$ cat structure_22.txt   # compact mmCIF, C-alpha atoms and all ligand atoms
# COMPACT_ATOMS: atom_id res chain seq x y z
CA MET E 1 0.00 0.00 0.00
CA ASN E 2 1.64 3.25 -1.14
CA ILE E 3 -0.71 5.94 0.06
CA LEU E 4 -0.85 9.63 -0.82
CA VAL E 5 -2.34 11.67 2.01
CA THR E 6 -3.39 15.12 0.88
CA GLY E 7 -3.67 17.47 3.83
CA GLY E 8 -1.57 15.06 5.91
CA ALA E 9 0.02 17.97 7.78
CA GLY E 10 -3.36 19.01 9.19
CA TYR E 11 -5.08 18.00 12.40
CA ILE E 12 -7.00 14.87 11.36
CA GLY E 13 -4.52 14.16 8.57
CA SER E 14 -1.46 13.99 10.82
CA HIS E 15 -3.18 11.67 13.29
CA THR E 16 -4.34 9.39 10.48
CA VAL E 17 -0.86 9.35 8.93
CA ARG E 18 0.56 8.02 12.19
CA LEU E 19 -2.01 5.20 12.24
CA LEU E 20 -1.49 4.39 8.55
CA GLU E 21 2.25 4.13 9.13
CA LYS E 22 1.65 1.58 11.88
CA THR E 23 0.05 -0.71 9.26
CA GLY E 24 3.34 -0.81 7.37
CA GLY E 25 2.07 1.14 4.38
CA LYS E 26 4.34 3.72 2.71
CA VAL E 27 2.79 7.12 3.37
CA VAL E 28 3.49 10.23 1.31
CA VAL E 29 2.10 13.44 2.78
CA TYR E 30 1.11 16.07 0.21
CA ASP E 31 0.19 19.42 1.75
CA ASN E 32 0.43 23.08 0.71
CA LEU E 33 0.94 24.13 4.36
CA VAL E 34 -1.72 26.86 4.11
CA THR E 35 -3.42 25.45 7.19
CA GLY E 36 -1.19 22.43 7.88
CA HIS E 37 2.07 22.38 9.85
CA ARG E 38 5.37 21.05 8.51
CA ASN E 39 6.36 19.78 11.95
CA ALA E 40 3.12 17.82 12.29
CA VAL E 41 4.68 15.45 9.73
CA LYS E 42 7.14 13.43 11.75
CA SER E 43 8.44 10.48 9.76
CA SER E 44 6.61 10.28 6.43
CA ILE E 45 7.85 11.45 3.07
CA PHE E 46 6.68 15.05 2.67
CA VAL E 47 5.86 16.86 -0.56
CA GLU E 48 4.92 20.52 -0.30
CA GLY E 49 2.27 20.92 -2.98
CA ASP E 50 -1.17 22.10 -3.88
CA ILE E 51 -4.06 19.96 -5.12
CA PHE E 52 -4.39 22.38 -8.04
CA ASP E 53 -0.83 21.58 -9.18
CA SER E 54 -1.65 18.73 -11.58
CA THR E 55 1.96 18.29 -12.70
CA LEU E 56 3.35 17.91 -9.18
CA LEU E 57 0.47 15.65 -8.16
CA ALA E 58 1.03 13.37 -11.16
CA ASP E 59 4.82 13.35 -10.61
CA THR E 60 4.31 12.44 -6.95
CA ILE E 61 1.91 9.62 -7.80
CA ARG E 62 4.36 8.16 -10.33
CA ARG E 63 7.51 8.74 -8.29
CA TYR E 64 6.19 6.95 -5.21
CA ASP E 65 4.11 4.36 -7.08
CA ILE E 66 0.96 5.53 -5.28
CA SER E 67 -2.02 3.16 -5.38
CA SER E 68 -4.52 5.02 -3.17
CA VAL E 69 -5.31 8.48 -1.84
CA VAL E 70 -6.66 9.67 1.49
CA HIS E 71 -7.93 13.17 0.79
CA PHE E 72 -8.07 15.59 3.72
CA ALA E 73 -6.93 18.76 1.94
CA ALA E 74 -9.94 21.07 2.19
CA TYR E 75 -11.33 24.05 4.06
CA SER E 76 -13.53 22.94 6.94
CA LEU E 77 -14.91 25.86 8.91
CA VAL E 78 -18.69 26.28 8.94
CA GLY E 79 -18.61 29.95 9.97
CA VAL E 80 -15.95 31.04 7.45
CA SER E 81 -17.70 29.13 4.65
CA MET E 82 -20.74 31.39 5.06
CA ILE E 83 -18.58 34.51 4.64
CA LYS E 84 -16.18 33.26 1.95
CA PRO E 85 -18.15 30.76 -0.17
CA GLN E 86 -15.89 31.28 -3.19
CA ASP E 87 -12.87 29.93 -1.29
CA TYR E 88 -14.85 26.87 -0.23
CA TYR E 89 -16.31 26.01 -3.65
CA HIS E 90 -12.92 26.58 -5.26
CA ASN E 91 -10.82 24.53 -2.87
CA ASN E 92 -13.24 21.80 -1.84
CA VAL E 93 -15.01 21.27 -5.16
CA VAL E 94 -12.71 22.41 -7.98
CA GLY E 95 -9.59 21.25 -6.11
CA THR E 96 -11.02 17.80 -5.41
CA LEU E 97 -12.24 17.42 -9.01
CA ASN E 98 -8.71 18.22 -10.12
CA LEU E 99 -7.28 15.60 -7.77
CA LEU E 100 -9.75 13.04 -9.16
CA ASP E 101 -8.72 13.88 -12.74
CA VAL E 102 -5.04 13.35 -11.91
CA MET E 103 -5.73 10.14 -9.99
CA LEU E 104 -7.78 8.58 -12.77
CA ALA E 105 -5.35 9.70 -15.48
CA ASN E 106 -2.59 7.90 -13.55
CA GLY E 107 -4.47 4.70 -12.81
CA VAL E 108 -5.22 5.39 -9.12
CA ASN E 109 -8.83 4.55 -8.35
CA LYS E 110 -8.99 4.14 -4.55
CA LEU E 111 -9.93 7.14 -2.42
CA VAL E 112 -10.91 7.75 1.18
CA PHE E 113 -12.66 11.10 1.35
CA SER E 114 -13.23 13.45 4.31
CA SER E 115 -16.89 14.32 4.41
CA THR E 116 -18.91 15.81 7.21
CA ALA E 117 -22.04 15.70 9.34
CA ALA E 118 -22.72 19.14 7.86
CA VAL E 119 -24.12 17.41 4.74
CA TYR E 120 -27.28 16.61 6.72
CA GLY E 121 -28.39 20.10 7.73
CA GLU E 122 -31.20 19.83 10.30
CA PRO E 123 -32.21 16.16 10.11
CA GLU E 124 -35.63 15.18 11.45
CA THR E 125 -34.36 12.07 13.23
CA SER E 126 -31.58 11.60 15.78
CA PRO E 127 -29.21 9.78 15.87
CA ILE E 128 -28.64 10.40 12.17
CA THR E 129 -28.30 7.44 9.82
CA GLU E 130 -26.57 7.74 6.47
CA ASN E 131 -29.72 7.44 4.36
CA VAL E 132 -31.71 10.41 5.71
CA LEU E 133 -32.37 13.49 3.61
CA LYS E 134 -29.32 15.66 3.06
CA ASN E 135 -30.04 19.38 3.12
CA PRO E 136 -26.94 21.27 4.32
CA THR E 137 -27.47 24.56 6.17
CA ASN E 138 -24.01 25.89 5.34
CA VAL E 139 -21.64 26.28 2.41
CA TYR E 140 -19.06 23.89 3.86
CA GLY E 141 -21.64 21.08 3.99
CA ARG E 142 -22.81 21.89 0.46
CA THR E 143 -19.26 21.63 -0.95
CA LYS E 144 -18.82 18.20 0.63
CA LEU E 145 -22.22 16.96 -0.56
CA ILE E 146 -21.42 18.11 -4.11
CA MET E 147 -18.24 16.03 -3.99
CA GLU E 148 -20.02 12.99 -2.56
CA ASN E 149 -22.44 13.16 -5.50
CA ALA E 150 -19.61 13.66 -8.01
CA MET E 151 -17.73 10.67 -6.59
CA ALA E 152 -20.83 8.50 -6.88
CA ASP E 153 -21.05 9.48 -10.56
CA TYR E 154 -17.32 8.89 -11.12
CA SER E 155 -17.67 5.53 -9.39
CA ARG E 156 -20.40 4.45 -11.85
CA SER E 157 -18.68 5.79 -14.97
CA TYR E 158 -14.92 5.59 -14.35
CA GLY E 159 -14.43 2.80 -11.82
CA LEU E 160 -13.51 5.09 -8.92
CA LYS E 161 -13.71 3.18 -5.61
CA TYR E 162 -14.23 5.58 -2.72
CA ILE E 163 -15.32 5.59 0.87
CA ALA E 164 -16.61 8.91 2.18
CA LEU E 165 -16.44 9.33 5.96
CA ARG E 166 -18.89 11.84 7.41
CA TYR E 167 -17.12 13.17 10.47
CA PHE E 168 -19.02 14.54 13.39
CA ASN E 169 -16.93 16.71 15.78
CA ALA E 170 -13.27 15.66 15.74
CA CYS E 171 -11.40 16.47 18.93
CA GLY E 172 -8.66 15.29 21.30
CA ALA E 173 -5.06 14.50 20.45
CA ASP E 174 -2.67 11.58 20.24
CA ALA E 175 -1.57 10.46 23.72
CA ALA E 176 2.06 11.11 22.76
CA GLY E 177 1.26 14.82 23.01
CA ASP E 178 3.43 15.78 20.02
CA ILE E 179 0.62 16.33 17.50
CA GLY E 180 -2.72 18.01 18.16
CA GLU E 181 -5.21 20.63 17.12
CA ASP E 182 -3.62 23.93 16.08
CA HIS E 183 -5.73 26.07 13.75
CA GLN E 184 -4.92 29.71 13.00
CA PRO E 185 -7.23 31.26 13.97
CA GLU E 186 -8.79 28.62 16.20
CA THR E 187 -12.58 28.42 15.87
CA HIS E 188 -13.37 24.99 17.35
CA LEU E 189 -15.10 24.67 20.67
CA ILE E 190 -12.85 22.37 22.72
CA PRO E 191 -9.49 24.05 21.95
CA LEU E 192 -11.10 27.46 22.55
CA ILE E 193 -12.44 26.37 25.95
CA LEU E 194 -9.03 24.96 26.91
CA LYS E 195 -7.27 28.14 25.77
CA ALA E 196 -9.77 30.20 27.79
CA CYS E 197 -9.19 27.98 30.84
CA LEU E 198 -5.41 28.30 30.44
CA GLY E 199 -5.63 32.09 29.98
CA LYS E 200 -4.42 31.97 26.36
CA THR E 201 -7.50 33.68 24.83
CA ASP E 202 -10.20 36.13 25.73
CA THR E 203 -13.67 35.30 26.90
CA LEU E 204 -15.24 32.23 25.29
CA LYS E 205 -18.35 33.06 23.31
CA ILE E 206 -21.26 30.60 23.51
CA PHE E 207 -22.94 30.94 20.14
CA GLY E 208 -26.64 31.02 20.99
CA ASP E 209 -28.56 29.76 24.02
CA ASP E 210 -32.00 29.77 22.40
CA TYR E 211 -31.80 26.53 20.40
CA PRO E 212 -34.48 23.87 20.97
CA THR E 213 -32.17 21.74 23.16
CA LYS E 214 -32.13 20.94 26.88
CA ASP E 215 -30.08 24.01 27.88
CA GLY E 216 -30.57 26.08 24.73
CA THR E 217 -27.04 25.49 23.35
CA CYS E 218 -26.16 23.36 20.31
CA VAL E 219 -25.70 19.62 20.66
CA ARG E 220 -22.81 17.89 18.91
CA ASP E 221 -21.26 14.42 18.83
CA TYR E 222 -17.57 14.60 19.80
CA ILE E 223 -15.26 11.87 18.51
CA HIS E 224 -11.57 11.38 19.31
CA VAL E 225 -9.29 12.11 16.37
CA ASN E 226 -7.52 8.73 16.65
CA ASP E 227 -10.88 6.93 16.45
CA LEU E 228 -11.54 8.92 13.29
CA GLY E 229 -8.08 8.10 11.98
CA GLN E 230 -8.56 4.39 12.61
CA ALA E 231 -11.71 4.46 10.47
CA HIS E 232 -9.57 5.67 7.54
CA VAL E 233 -7.21 2.73 8.01
CA LEU E 234 -10.17 0.31 7.94
CA ALA E 235 -11.77 2.07 4.96
CA LEU E 236 -8.56 1.91 2.97
CA LYS E 237 -8.01 -1.77 3.76
CA ALA E 238 -11.63 -2.45 2.72
CA LEU E 239 -11.04 -0.75 -0.64
CA TYR E 240 -7.90 -2.87 -1.23
CA ASN E 241 -10.04 -5.91 -0.42
CA GLY E 242 -12.55 -5.00 -3.13
CA HIS E 243 -15.14 -3.13 -1.05
CA GLU E 244 -17.58 -1.16 -3.17
CA SER E 245 -17.88 2.62 -2.92
CA ASP E 246 -19.80 3.65 0.19
CA VAL E 247 -20.48 6.35 2.76
CA TYR E 248 -20.23 6.11 6.56
CA ASN E 249 -20.97 8.31 9.55
CA LEU E 250 -18.32 8.61 12.22
CA GLY E 251 -19.33 9.74 15.67
CA ASN E 252 -19.65 8.45 19.22
CA GLY E 253 -23.44 8.37 19.23
CA SER E 254 -23.88 10.68 22.22
CA GLY E 255 -24.69 14.35 22.08
CA PHE E 256 -23.33 17.06 24.37
CA THR E 257 -24.46 20.66 24.56
CA VAL E 258 -21.93 23.48 24.38
CA LYS E 259 -22.52 24.14 28.09
CA GLU E 260 -21.93 20.47 28.96
CA ILE E 261 -18.63 20.50 27.06
CA ILE E 262 -17.56 23.62 28.93
CA GLU E 263 -18.43 21.97 32.27
CA ALA E 264 -16.52 18.81 31.31
CA ALA E 265 -13.45 20.82 30.26
CA GLU E 266 -13.55 22.85 33.46
CA ALA E 267 -13.73 19.61 35.47
CA VAL E 268 -10.77 18.14 33.56
CA THR E 269 -8.58 21.23 33.93
CA GLY E 270 -9.78 22.28 37.38
CA LEU E 271 -9.94 25.79 35.90
CA THR E 272 -12.79 28.10 34.92
CA ALA E 273 -13.19 29.52 31.43
CA PRO E 274 -14.37 33.14 31.24
CA LYS E 275 -17.48 32.95 29.03
CA GLU E 276 -20.47 34.89 27.75
CA ILE E 277 -23.57 34.23 25.68
CA ALA E 278 -23.19 35.56 22.11
CA PRO E 279 -25.51 35.56 19.08
CA ARG E 280 -26.00 32.36 17.08
CA ARG E 281 -23.31 31.56 14.49
CA ALA E 282 -24.69 31.48 10.94
CA GLY E 283 -25.13 27.98 9.50
CA ASP E 284 -25.13 26.05 12.81
CA PRO E 285 -27.75 23.26 13.06
CA ALA E 286 -29.18 22.75 16.58
CA VAL E 287 -28.41 19.03 16.97
CA LEU E 288 -26.01 16.69 15.15
CA VAL E 289 -25.58 13.22 16.66
CA ALA E 290 -24.39 10.23 14.63
CA SER E 291 -25.49 6.68 14.32
CA SER E 292 -22.23 4.87 13.46
CA ASP E 293 -23.84 1.42 13.35
CA LYS E 294 -23.15 1.03 9.63
CA ILE E 295 -19.35 1.39 9.86
CA ARG E 296 -19.31 -0.84 12.95
CA GLN E 297 -21.16 -3.56 11.10
CA ASP E 298 -19.48 -3.26 7.69
CA LEU E 299 -15.88 -2.41 8.62
CA GLY E 300 -15.66 -3.55 12.25
CA TRP E 301 -14.86 -0.03 13.46
CA GLN E 302 -15.17 0.75 17.15
CA SER E 303 -14.27 3.79 19.19
CA GLU E 304 -11.63 3.48 21.87
CA TYR E 305 -12.47 6.82 23.45
CA THR E 306 -16.05 6.93 24.68
CA ASP E 307 -15.75 9.16 27.77
CA ILE E 308 -15.89 12.86 26.91
CA LYS E 309 -13.63 13.78 29.83
CA ASN E 310 -10.93 11.35 28.63
CA ILE E 311 -11.17 12.86 25.17
CA ILE E 312 -10.87 16.41 26.51
CA ASP E 313 -7.98 15.28 28.72
CA THR E 314 -5.96 14.21 25.65
CA ALA E 315 -6.57 17.64 24.09
CA CYS E 316 -5.58 19.30 27.35
CA HIS E 317 -2.33 17.29 27.45
CA TRP E 318 -1.43 18.60 23.98
CA HIS E 319 -2.30 22.21 24.85
CA LYS E 320 -0.32 22.16 28.09
CA LYS E 321 2.69 20.56 26.43
CA ASN E 322 2.52 22.89 23.41
CA PRO E 323 1.08 26.19 24.64
CA ASP E 324 2.01 27.86 21.32
CA GLY E 325 0.99 24.89 19.19
CA PHE E 326 3.41 23.77 16.48
CA ALA E 327 5.02 27.21 16.39
CA GLY E 328 6.50 26.52 19.84
N1 LIG A 1 -19.16 27.05 19.52
C1 LIG A 1 -19.36 28.06 20.46
N2 LIG A 1 -18.35 28.95 20.67
C2 LIG A 1 -17.17 28.88 19.99
C3 LIG A 1 -16.97 27.85 19.05
C4 LIG A 1 -18.00 26.94 18.84
O1 LIG A 1 -20.42 28.15 21.07
O2 LIG A 1 -16.30 29.74 20.23
C5 LIG A 1 -20.25 26.07 19.29
C6 LIG A 1 -20.73 26.06 17.83
O3 LIG A 1 -21.75 27.00 17.63
C7 LIG A 1 -21.21 24.61 17.70
C8 LIG A 1 -20.30 23.83 18.66
O4 LIG A 1 -19.73 24.79 19.53
O5 LIG A 1 -22.52 24.49 18.17
C9 LIG A 1 -19.17 23.11 17.93
O6 LIG A 1 -18.56 24.04 17.05
P1 LIG A 1 -17.19 23.74 16.32
O7 LIG A 1 -16.82 24.98 15.56
O8 LIG A 1 -16.19 23.21 17.30
O9 LIG A 1 -17.52 22.54 15.32
P2 LIG A 1 -18.64 22.40 14.16
O10 LIG A 1 -19.84 21.78 14.84
O11 LIG A 1 -18.91 23.75 13.60
O12 LIG A 1 -18.01 21.49 13.19
$ encode --input "structure_22.txt" --output "structure tokens"
Amino acid sequence: MNILVTGGAGYIGSHTVRLLEKTGGKVVVYDNLVTGHRNAVKSSIFVEGDIFDSTLLADTIRRYDISSVVHFAAYSLVGVSMIKPQDYYHNNVVGTLNLLDVMLANGVNKLVFSSTAAVYGEPETSPITENVLKNPTNVYGRTKLIMENAMADYSRSYGLKYIALRYFNACGADAAGDIGEDHQPETHLIPLILKACLGKTDTLKIFGDDYPTKDGTCVRDYIHVNDLGQAHVLALKALYNGHESDVYNLGNGSGFTVKEIIEAAEAVTGLTAPKEIAPRRAGDPAVLVASSDKIRQDLGWQSEYTDIKNIIDTACHWHKKNPDGFAG
């Protein structure tokens, strides 16, 4: 297995790379370092490149005899996607179509694709199963749904074999404490709470407390990044074993409100985060909780981290060890 990992210097990418390497596969990280970090790539081959650079992509595929791609390289922020839709359609749709062109032109037909719970929008049932209506409430979710549909078409017409993984809320960090979540600027809830607890940021804003949930704040399903990463390993192995193209949810199956996550993080750190209620963030659905039964049954996936405090503790370990992230 010679695997090209686009976006392998990013948060989920770097954790997955570590797990892929443990399987003995040769991993080549391909990342333009716009949001990724060079020192998140520890031992893999690294190529600094953009998914729009067809020549470099094709050269890399040929040079390292690549037979599959795990594609993380994308923009992934709900809030920003509502303000800068052009960036999102360009990078996530046009960029991924370009990657698919280069793959198919060079005989690579296996792809594990990062999708998202944001494809669902405001589903009527919870936990969400893969087959419910998809009606994204934000641009980010729309870009990922467009690509899921395109891949289904490419699968029928050109023999592409893909598995799309719809992530719920990735969080936590590898227990080693040397890779973790470091976005500039940071917009995700758990790192922002931890930074607020540790005095590294200003007051935490709770985006809306008038949602139809038990305490008025949004409910999400938080899954440890290594559990997510392990699903990529299983998906890739399944594709090598002839598995047909498919789509899977990836979450823990339990929902926590924003306020509950803050309480859990304060309990883990023993510190209090300064916080205030702020207006709703555009594009946020009230509740997103996954059913991951399908990937459990089909691919034998299971989560190692089920306790939210343990998950937050791994993130806390990373933040304490690396107060300035990768820059430190
Ligand atoms: N959130 C919040 N304050 C913040 C960041 C996030 O209240 O500073 C909320 C956000 O509205 C959502 C949840 O926390 O309901 C998780 O947001 P995040 O950006 O971490 O992930 P997303 O669900 O957008 O993928």
$ residues_near_ligand --input "structure_22.txt" --ligand "ligand LIG 1 (chain A)" --cutoff "9 Å" --atoms "all atoms listed in the file" --output "number ranges by chain"
E: 76-79, 116-118, 167-171, 186-193, 204-209, 217-222, 257-259, 261, 277-278, 280-288
$ atom_distance --input "structure_22.txt" --atom1 "atom CA of Ser114 of chain E" --atom2 "atom CA of Leu133 of chain E"
19.2 Å
$ residues_around --input "structure_22.txt" --residues "segment 72-74 of chain E" --least-positions-apart "3" --cutoff "7 Å" --atoms "all atoms listed in the file" --output "number ranges by chain"
E: 6-8, 13, 91-92, 113-114
$ atom_distance --input "structure_22.txt" --atom1 "atom CA of Pro212 of chain E" --atom2 "atom CA of Glu122 of chain E"
11.9 Å
$ atom_distance --input "structure_22.txt" --atom1 "atom CA of Ala327 of chain E" --atom2 "atom CA of Asn226 of chain E"
22.3 Å
$ closest_residue --input "structure_22.txt" --among "E:Val29, E:Leu20, E:Ala290, E:Ile308" --to "Val132 of chain E" --atoms "only C-alpha atoms"
E:Ala290
$ closest_residue --input "structure_22.txt" --among "E:Asp53, E:Glu130, E:Asp174, E:Asp153" --to "Asp31 of chain E" --atoms "all atoms listed in the file"
E:Asp53
$ closest_residue --input "structure_22.txt" --among "E:Asp59, E:Val225, E:Ser81, E:Tyr248" --to "Glu148 of chain E" --atoms "all atoms listed in the file"
E:Tyr248
$ decode --input "structure_22.txt" --residues "segment 294-313 of chain E" --atoms "N, CA and C atoms" --output "PDB file, in the first residue's frame"
ATOM      1  N   LYS E 294     -23.486   1.595  10.941  1.00  0.00           N
ATOM      2  CA  LYS E 294     -23.150   1.025   9.627  1.00  0.00           C
ATOM      3  C   LYS E 294     -21.647   0.718   9.524  1.00  0.00           C
ATOM      4  N   ILE E 295     -20.807   1.643   9.972  1.00  0.00           N
ATOM      5  CA  ILE E 295     -19.353   1.392   9.860  1.00  0.00           C
ATOM      6  C   ILE E 295     -18.915   0.317  10.859  1.00  0.00           C
ATOM      7  N   ARG E 296     -19.612   0.241  11.989  1.00  0.00           N
ATOM      8  CA  ARG E 296     -19.306  -0.836  12.946  1.00  0.00           C
ATOM      9  C   ARG E 296     -19.589  -2.184  12.301  1.00  0.00           C
ATOM     10  N   GLN E 297     -20.761  -2.279  11.688  1.00  0.00           N
ATOM     11  CA  GLN E 297     -21.162  -3.564  11.099  1.00  0.00           C
ATOM     12  C   GLN E 297     -20.325  -3.918   9.875  1.00  0.00           C
ATOM     13  N   ASP E 298     -20.136  -2.947   8.975  1.00  0.00           N
ATOM     14  CA  ASP E 298     -19.475  -3.258   7.694  1.00  0.00           C
ATOM     15  C   ASP E 298     -17.963  -3.370   7.836  1.00  0.00           C
ATOM     16  N   LEU E 299     -17.350  -2.464   8.593  1.00  0.00           N
ATOM     17  CA  LEU E 299     -15.883  -2.411   8.624  1.00  0.00           C
ATOM     18  C   LEU E 299     -15.300  -2.815   9.976  1.00  0.00           C
ATOM     19  N   GLY E 300     -16.162  -3.134  10.936  1.00  0.00           N
ATOM     20  CA  GLY E 300     -15.664  -3.554  12.251  1.00  0.00           C
ATOM     21  C   GLY E 300     -15.044  -2.427  13.051  1.00  0.00           C
ATOM     22  N   TRP E 301     -15.414  -1.179  12.715  1.00  0.00           N
ATOM     23  CA  TRP E 301     -14.860  -0.035  13.457  1.00  0.00           C
ATOM     24  C   TRP E 301     -15.432   0.022  14.868  1.00  0.00           C
ATOM     25  N   GLN E 302     -14.624   0.416  15.830  1.00  0.00           N
ATOM     26  CA  GLN E 302     -15.171   0.747  17.148  1.00  0.00           C
ATOM     27  C   GLN E 302     -14.356   1.870  17.760  1.00  0.00           C
ATOM     28  N   SER E 303     -15.005   2.663  18.596  1.00  0.00           N
ATOM     29  CA  SER E 303     -14.270   3.789  19.189  1.00  0.00           C
ATOM     30  C   SER E 303     -13.597   3.340  20.479  1.00  0.00           C
ATOM     31  N   GLU E 304     -12.359   3.789  20.638  1.00  0.00           N
ATOM     32  CA  GLU E 304     -11.626   3.485  21.868  1.00  0.00           C
ATOM     33  C   GLU E 304     -11.971   4.495  22.948  1.00  0.00           C
ATOM     34  N   TYR E 305     -12.207   5.729  22.507  1.00  0.00           N
ATOM     35  CA  TYR E 305     -12.468   6.816  23.453  1.00  0.00           C
ATOM     36  C   TYR E 305     -13.960   7.086  23.502  1.00  0.00           C
ATOM     37  N   THR E 306     -14.607   6.698  24.594  1.00  0.00           N
ATOM     38  CA  THR E 306     -16.046   6.928  24.683  1.00  0.00           C
ATOM     39  C   THR E 306     -16.389   7.963  25.753  1.00  0.00           C
ATOM     40  N   ASP E 307     -15.466   8.228  26.665  1.00  0.00           N
ATOM     41  CA  ASP E 307     -15.746   9.160  27.768  1.00  0.00           C
ATOM     42  C   ASP E 307     -15.289  10.563  27.364  1.00  0.00           C
ATOM     43  N   ILE E 308     -16.200  11.504  27.390  1.00  0.00           N
ATOM     44  CA  ILE E 308     -15.888  12.859  26.909  1.00  0.00           C
ATOM     45  C   ILE E 308     -14.750  13.498  27.730  1.00  0.00           C
ATOM     46  N   LYS E 309     -14.712  13.189  29.021  1.00  0.00           N
ATOM     47  CA  LYS E 309     -13.630  13.782  29.832  1.00  0.00           C
ATOM     48  C   LYS E 309     -12.262  13.216  29.432  1.00  0.00           C
ATOM     49  N   ASN E 310     -12.205  11.923  29.119  1.00  0.00           N
ATOM     50  CA  ASN E 310     -10.930  11.354  28.633  1.00  0.00           C
ATOM     51  C   ASN E 310     -10.504  12.019  27.339  1.00  0.00           C
ATOM     52  N   ILE E 311     -11.486  12.242  26.459  1.00  0.00           N
ATOM     53  CA  ILE E 311     -11.166  12.864  25.173  1.00  0.00           C
ATOM     54  C   ILE E 311     -10.609  14.271  25.404  1.00  0.00           C
ATOM     55  N   ILE E 312     -11.314  15.023  26.245  1.00  0.00           N
ATOM     56  CA  ILE E 312     -10.867  16.407  26.513  1.00  0.00           C
ATOM     57  C   ILE E 312      -9.491  16.385  27.190  1.00  0.00           C
ATOM     58  N   ASP E 313      -9.268  15.385  28.036  1.00  0.00           N
ATOM     59  CA  ASP E 313      -7.977  15.277  28.724  1.00  0.00           C
ATOM     60  C   ASP E 313      -6.817  15.132  27.721  1.00  0.00           C
TER      61      ASP E 313
END
